[in-house]
Amino acid sequence: MSATPDILEICGATVPDRLHDLALRLPRGQMVGLVGPNGSGKSTLLQVAAGLLPARGVVRWDGRAVGSIPVVERGRMTTWVPQEAQFEFGFSVRAVVAQGRFAHGDDDAGVDEALARFDLTTLAERPVNHLSGGERHRVLLARALATQAPLQLWDEPLAPLDVRHALEVLMLARELTHGRGSTVVISLHDLRVAHCLDAIVVLQAGRLRAAGSPTEVLTPELLLDVFGVKAHNAPGLVLELP
Amino acid sequence: MIPRGAARFALPVAITVLAVFTLGALAVGDMWLSPARIWAGLWREDELAATILWQIRMPRLCVAVLVGAALSASGLIMQAYFRNSLASPGLLGVSAGGAAGAVVAIAAGWATVSLLLLPMAAIVGAVLSTGAVLILARRGASTERLLLAGIALNALLGAVTSYVLTSSVLTYERNAQILFWLLGGLEDRTWEHVAMAAPICLLAVVLWPLGRPMDLLSLGSREAQSLGVDVVRLRRVLLGLATVLTALATSVAGTVGFVGLVVPHVLRLLVGPEHRRLVPLALVGGAAFVLACDMIARSGGGLRLGIVTSLVGGPFFLWLLRRQA
């Protein structure tokens with residue numbers, strides 16, 4: 001038994017047709033990859049974990065049932081980044097990132113840093129609805145960073161990004177987890193980045209299939225069973241930041 | 001959009017414009033009143049001016065200001081709520097619901113029993129319409145879905161009102177009264193009407209501090225909740241405000257279209273989408289817009305407020321649709 005409770009604990013989470021009796025515990029300071037085929041329940045699980053989607057079962061942050069935490073405080077503890085970045089109104093990039101400070105009384109702390117981390121400083125005054133899809137997504141991630149929430153739940157943050165920004169997001173997630181003790185959960189499809197992560201959670205048809213370190217979990221047998229692909233350890237293109 | 005630095009002058013400018021229009025509305029009419037006579041009239045030192053001001057122009061002015069502020073704020077709220085800049089009480093059928101409620105109340109003779117029954121019937125009608133819109137078009141619904149829901153509701157409520165109008169039991173006076181509601185206008189408004197619409201001030205006070213959470217809501221309700229906004233409560237409050245504001249405005253001025261569409265839109269183009277700035281501006285700007293339209297309506301030629309706002313708003317709406325496409 002550890003002295004501090006897990007940052008995220010899910011017991012028996014069930015959402016009809018999407019998640020079935022799912023249990024999961026994540027400790028502090030981990031970078032967790034959530035993988036599974038399309039429709040396996042990754043986005044649903046992230047929203048349940050974020051306390052945004054009603055589900056049967058219990059979700060606890062830091063040992064506290066989410067339903068018992070006041071909404072403003074929830075905004076300081078956890079943040080969720082959606083898969084799609086759509087904006088109807090033309091808020092400036094800075095204004096959207098500054099929304100990350102809403103639960104902190106709009107104090108603007110860390111907004112400039114978040115903009116810089118996602119290469120958005122020069123775009124700061126541009127309206128978000130005029131940006132490209134990848135840029136809009138970086139705005140959402142910067143807003144999540146600005147919240148300084150210890151539990152970060154990002155739904156497919158890498159998919160819309162170019163290779164450099166994708167690597168930077170992984171670097172940032174590592175810094176948040178290993179440097180600041182946050183836990184970052186990332187849903188993803190590209191298993192080639194799995195080696196960057198501390199833990200992998202595999203979903204299959206709304207159920208937890210496996211969880212553990214990438215080498216433990218991503219075995220050829222599991223990949224064949226869950227994704228229907230054969231895995232080879234052939235040398236390929238390896239990319240890293242200079 | 002005007003530069004960021006200049007945007008902070010938008011509210012003082014809007015208040016100045018409203019003040020100028022107010023003075024204009026008091027001065028212009030069948031009998032021109034100079035500023036000096038207005039001053040004397042307000043203090044009842046000039047008997048004729050006092051009668052014109054206190055019995056005719058002031059109540060009409062107050063109703064115009066309240067109606068404009070209410071409809072504009074209601075449009076602003078609906079646009080944030082539905083995350084769609086084309087949402088507004090007129091297009092979504094909420095105004096028509098309020099009007100249908102008022103018409104039924106008049107036809108049934110309730111309006112003569114108590115003056116309070118009229119706004120209450122309008123509120124009931126507007127609440128029913130809002131409920132129907134919520135069912136027909138979920139939050140974040142596409143423009144097409146929202147507009148189609150509005151078309152359907154407007155047609156349905158139009159049929160209700162037409163039936164009430166054509167049913168033979170009604171007297172000529174009641175029919176005239178109903179027609180007044182359908183066309184929307186500020187003729188013969190009295191202090192009683194001002195009193196009926198006065199709660200709009202209270203609702204504006206409730207709305208004022210909601211600007212910041214409205215910003216977050218207008219970019220997505222789940223995102224807003226994740227960032228610490230009590231979305232369930234906020235949505236309930238906003239929708240209640242938008243519905244009652246529209247109903248109160250409709251019960252004293254009939255269906256006045258396009259205010260909730262045009263004013264927030266123009267303001268957003270001028271000062272950007274931040275609601276802390278937009279909420280006060282929408283209240284003041286809506287009041288100024290309706291006051292200006294009513295002055296045009298008063299200039300004669302059989303024009304009425306609802307006709308003027310539609311003549312301005314219709315082409316504007318078509319321009320917006322073209323711009324979106």
# chains A, B, ... in the order shown; residues from 1 in each chain; ligands from 1
$ select_by_dssp --residues "segment 105-317 of chain B" --states "helix (DSSP H, G or I)" --output "PyMOL selection string"
chain B and resi 105-107+110-113+117-136+143-166+172-183+191-197+199-217+221-226+231-253+259-271+275-298+305-317
$ residues_around --residues "Phe102 of chain A" --least-positions-apart "4" --cutoff "7 Å" --atoms "only C-alpha atoms" --output "list of chain:residue names"
A:Asp106, B:Leu227, B:Gly228
$ write_last_selection --atoms "C-alpha atoms" --output "short mmCIF file (atom, residue, chain, number, x, y, z; two decimals), in the first residue's frame"
data_model
loop_
_atom_site.label_atom_id
_atom_site.label_comp_id
_atom_site.auth_asym_id
_atom_site.auth_seq_id
_atom_site.Cartn_x
_atom_site.Cartn_y
_atom_site.Cartn_z
CA ASP A 106 -8.08 33.96 -14.43
CA LEU B 227 -11.83 23.80 -17.24
CA GLY B 228 -13.97 24.29 -14.15
#
$ interface_residues --of "chain A" --to "chain B" --cutoff "9 Å" --atoms "only C-alpha atoms" --output "JSON, numbers by chain"
{"A": [47, 50, 51, 52, 53, 70, 71, 72, 73, 74, 75, 76, 78, 79, 80, 81, 82, 86, 87, 88, 89, 90, 91, 92, 95, 96, 99, 100, 101, 102, 103, 144, 147]}
$ write_last_selection --atoms "N, CA and C atoms" --output "compact mmCIF listing (two decimals), in the first residue's frame"
# COMPACT_ATOMS: atom_id res chain seq x y z
N GLN A 47 -13.13 10.51 -21.31
CA GLN A 47 -14.16 11.43 -20.83
C GLN A 47 -14.73 10.98 -19.49
N ALA A 50 -12.24 11.95 -16.98
CA ALA A 50 -12.25 13.40 -16.76
C ALA A 50 -13.51 13.85 -16.02
N GLY A 51 -14.41 12.91 -15.74
CA GLY A 51 -15.65 13.28 -15.03
C GLY A 51 -16.62 14.03 -15.91
N LEU A 52 -16.50 13.85 -17.24
CA LEU A 52 -17.34 14.61 -18.16
C LEU A 52 -18.49 13.79 -18.71
N LEU A 53 -18.37 12.48 -18.60
CA LEU A 53 -19.40 11.61 -19.16
C LEU A 53 -19.96 10.77 -18.03
N PRO A 70 -16.07 19.99 -5.90
CA PRO A 70 -16.70 21.13 -6.55
C PRO A 70 -16.13 21.34 -7.96
N VAL A 71 -16.99 21.81 -8.87
CA VAL A 71 -16.61 21.87 -10.29
C VAL A 71 -15.36 22.72 -10.51
N VAL A 72 -15.26 23.84 -9.82
CA VAL A 72 -14.09 24.71 -10.02
C VAL A 72 -12.81 23.97 -9.61
N GLU A 73 -12.90 23.25 -8.50
CA GLU A 73 -11.71 22.52 -8.06
C GLU A 73 -11.35 21.42 -9.06
N ARG A 74 -12.38 20.83 -9.66
CA ARG A 74 -12.11 19.81 -10.68
C ARG A 74 -11.29 20.40 -11.81
N GLY A 75 -11.60 21.66 -12.15
CA GLY A 75 -10.87 22.33 -13.23
C GLY A 75 -9.39 22.51 -12.90
N ARG A 76 -9.07 22.52 -11.60
CA ARG A 76 -7.66 22.65 -11.22
C ARG A 76 -6.97 21.30 -11.15
N THR A 78 -7.83 18.32 -13.02
CA THR A 78 -7.77 17.50 -14.22
C THR A 78 -8.11 18.35 -15.43
N THR A 79 -7.51 18.01 -16.56
CA THR A 79 -7.96 18.66 -17.77
C THR A 79 -8.02 17.66 -18.91
N TRP A 80 -8.91 17.93 -19.83
CA TRP A 80 -9.18 17.00 -20.93
C TRP A 80 -9.05 17.76 -22.25
N VAL A 81 -8.39 17.14 -23.20
CA VAL A 81 -8.25 17.76 -24.53
C VAL A 81 -9.00 16.90 -25.54
N PRO A 82 -10.01 17.49 -26.21
CA PRO A 82 -10.80 16.68 -27.14
C PRO A 82 -10.02 16.35 -28.41
N GLN A 86 -12.55 22.40 -32.79
CA GLN A 86 -13.40 23.26 -33.62
C GLN A 86 -13.81 24.49 -32.83
N PHE A 87 -13.72 25.64 -33.46
CA PHE A 87 -14.08 26.88 -32.78
C PHE A 87 -15.07 27.65 -33.64
N GLU A 88 -16.23 27.98 -33.06
CA GLU A 88 -17.20 28.76 -33.82
C GLU A 88 -16.82 30.24 -33.80
N PHE A 89 -16.25 30.68 -32.68
CA PHE A 89 -16.00 32.11 -32.53
C PHE A 89 -14.51 32.41 -32.60
N GLY A 90 -14.19 33.61 -33.07
CA GLY A 90 -12.80 33.96 -33.34
C GLY A 90 -12.04 34.52 -32.16
N PHE A 91 -12.01 33.78 -31.05
CA PHE A 91 -11.18 34.20 -29.93
C PHE A 91 -9.71 34.19 -30.36
N SER A 92 -8.91 35.07 -29.77
CA SER A 92 -7.49 35.04 -30.09
C SER A 92 -6.87 33.80 -29.44
N ALA A 95 -6.33 34.27 -25.87
CA ALA A 95 -7.54 34.22 -25.05
C ALA A 95 -7.94 32.77 -24.77
N VAL A 96 -7.80 31.91 -25.78
CA VAL A 96 -8.18 30.51 -25.58
C VAL A 96 -7.24 29.85 -24.58
N GLN A 99 -7.94 30.69 -21.09
CA GLN A 99 -9.10 30.01 -20.49
C GLN A 99 -8.68 28.87 -19.58
N GLY A 100 -7.46 28.37 -19.80
CA GLY A 100 -6.93 27.33 -18.92
C GLY A 100 -6.79 27.80 -17.49
N ARG A 101 -6.80 29.12 -17.28
CA ARG A 101 -6.65 29.67 -15.93
C ARG A 101 -7.99 30.00 -15.30
N PHE A 102 -9.09 29.62 -15.93
CA PHE A 102 -10.42 29.97 -15.40
C PHE A 102 -10.58 29.51 -13.95
N ALA A 103 -10.20 28.25 -13.70
CA ALA A 103 -10.41 27.70 -12.35
C ALA A 103 -9.43 28.28 -11.34
N ALA A 144 -4.44 23.27 -22.09
CA ALA A 144 -4.36 22.21 -21.08
C ALA A 144 -3.11 22.38 -20.22
N THR A 147 -3.43 25.01 -17.51
CA THR A 147 -4.21 24.68 -16.32
C THR A 147 -3.32 24.18 -15.18
$ residues_around --residues "Pro54 of chain A" --least-positions-apart "5" --cutoff "12 Å" --atoms "only C-alpha atoms" --output "list of chain:residue names"
A:Ala13, A:Thr14, A:Val15, A:Pro16, A:Leu19, A:Thr44, A:Leu45, A:Leu46, A:Gln47, A:Val48, A:Ala49, A:Val59, A:Val66, A:Gly67, B:Arg222
$ residues_around --residues "segment 161-167 of chain A" --least-positions-apart "2" --cutoff "7 Å" --atoms "only C-alpha atoms" --output "PyMOL selection string"
chain A and resi 134+158-159+169-171+240-241
$ closest_residue --among "B:Val103, B:Leu321, B:Val28, B:Ala19" --to "Gly300 of chain B" --atoms "only C-alpha atoms"
B:Val28
$ residues_around --residues "Phe258 of chain B" --least-positions-apart "2" --cutoff "10 Å" --atoms "only C-alpha atoms" --output "PyMOL selection string"
chain B and resi 71-72+75+88-91+255-256+260-263+306+308-314+316-317
$ atom_distance --atom1 "atom CA of Cys201 of chain B" --atom2 "atom CA of Leu76 of chain B"
16.2 Å
$ residues_around --residues "Ala25 of chain B" --least-positions-apart "3" --cutoff "8 Å" --atoms "only C-alpha atoms" --output "ChimeraX atom specification"
/B:21-22,28-29,57,61,291,295
$ closest_residue --among "B:Val194, B:Ala149, B:Leu270, B:Cys62" --to "Ile135 of chain B" --atoms "only C-alpha atoms"
B:Ala149
$ atom_distance --atom1 "atom CA of Ala27 of chain B" --atom2 "atom CA of Arg298 of chain B"
12.1 Å
$ select_by_dssp --residues "segment 168-235 of chain A" --states "strand (DSSP E or B)" --output "number ranges by chain"
A: 183-187, 199-204, 207-212
$ closest_residue --among "A:Thr4, A:Thr122, A:Ser132, A:Thr183" --to "Ala149 of chain A" --atoms "only C-alpha atoms"
A:Thr183
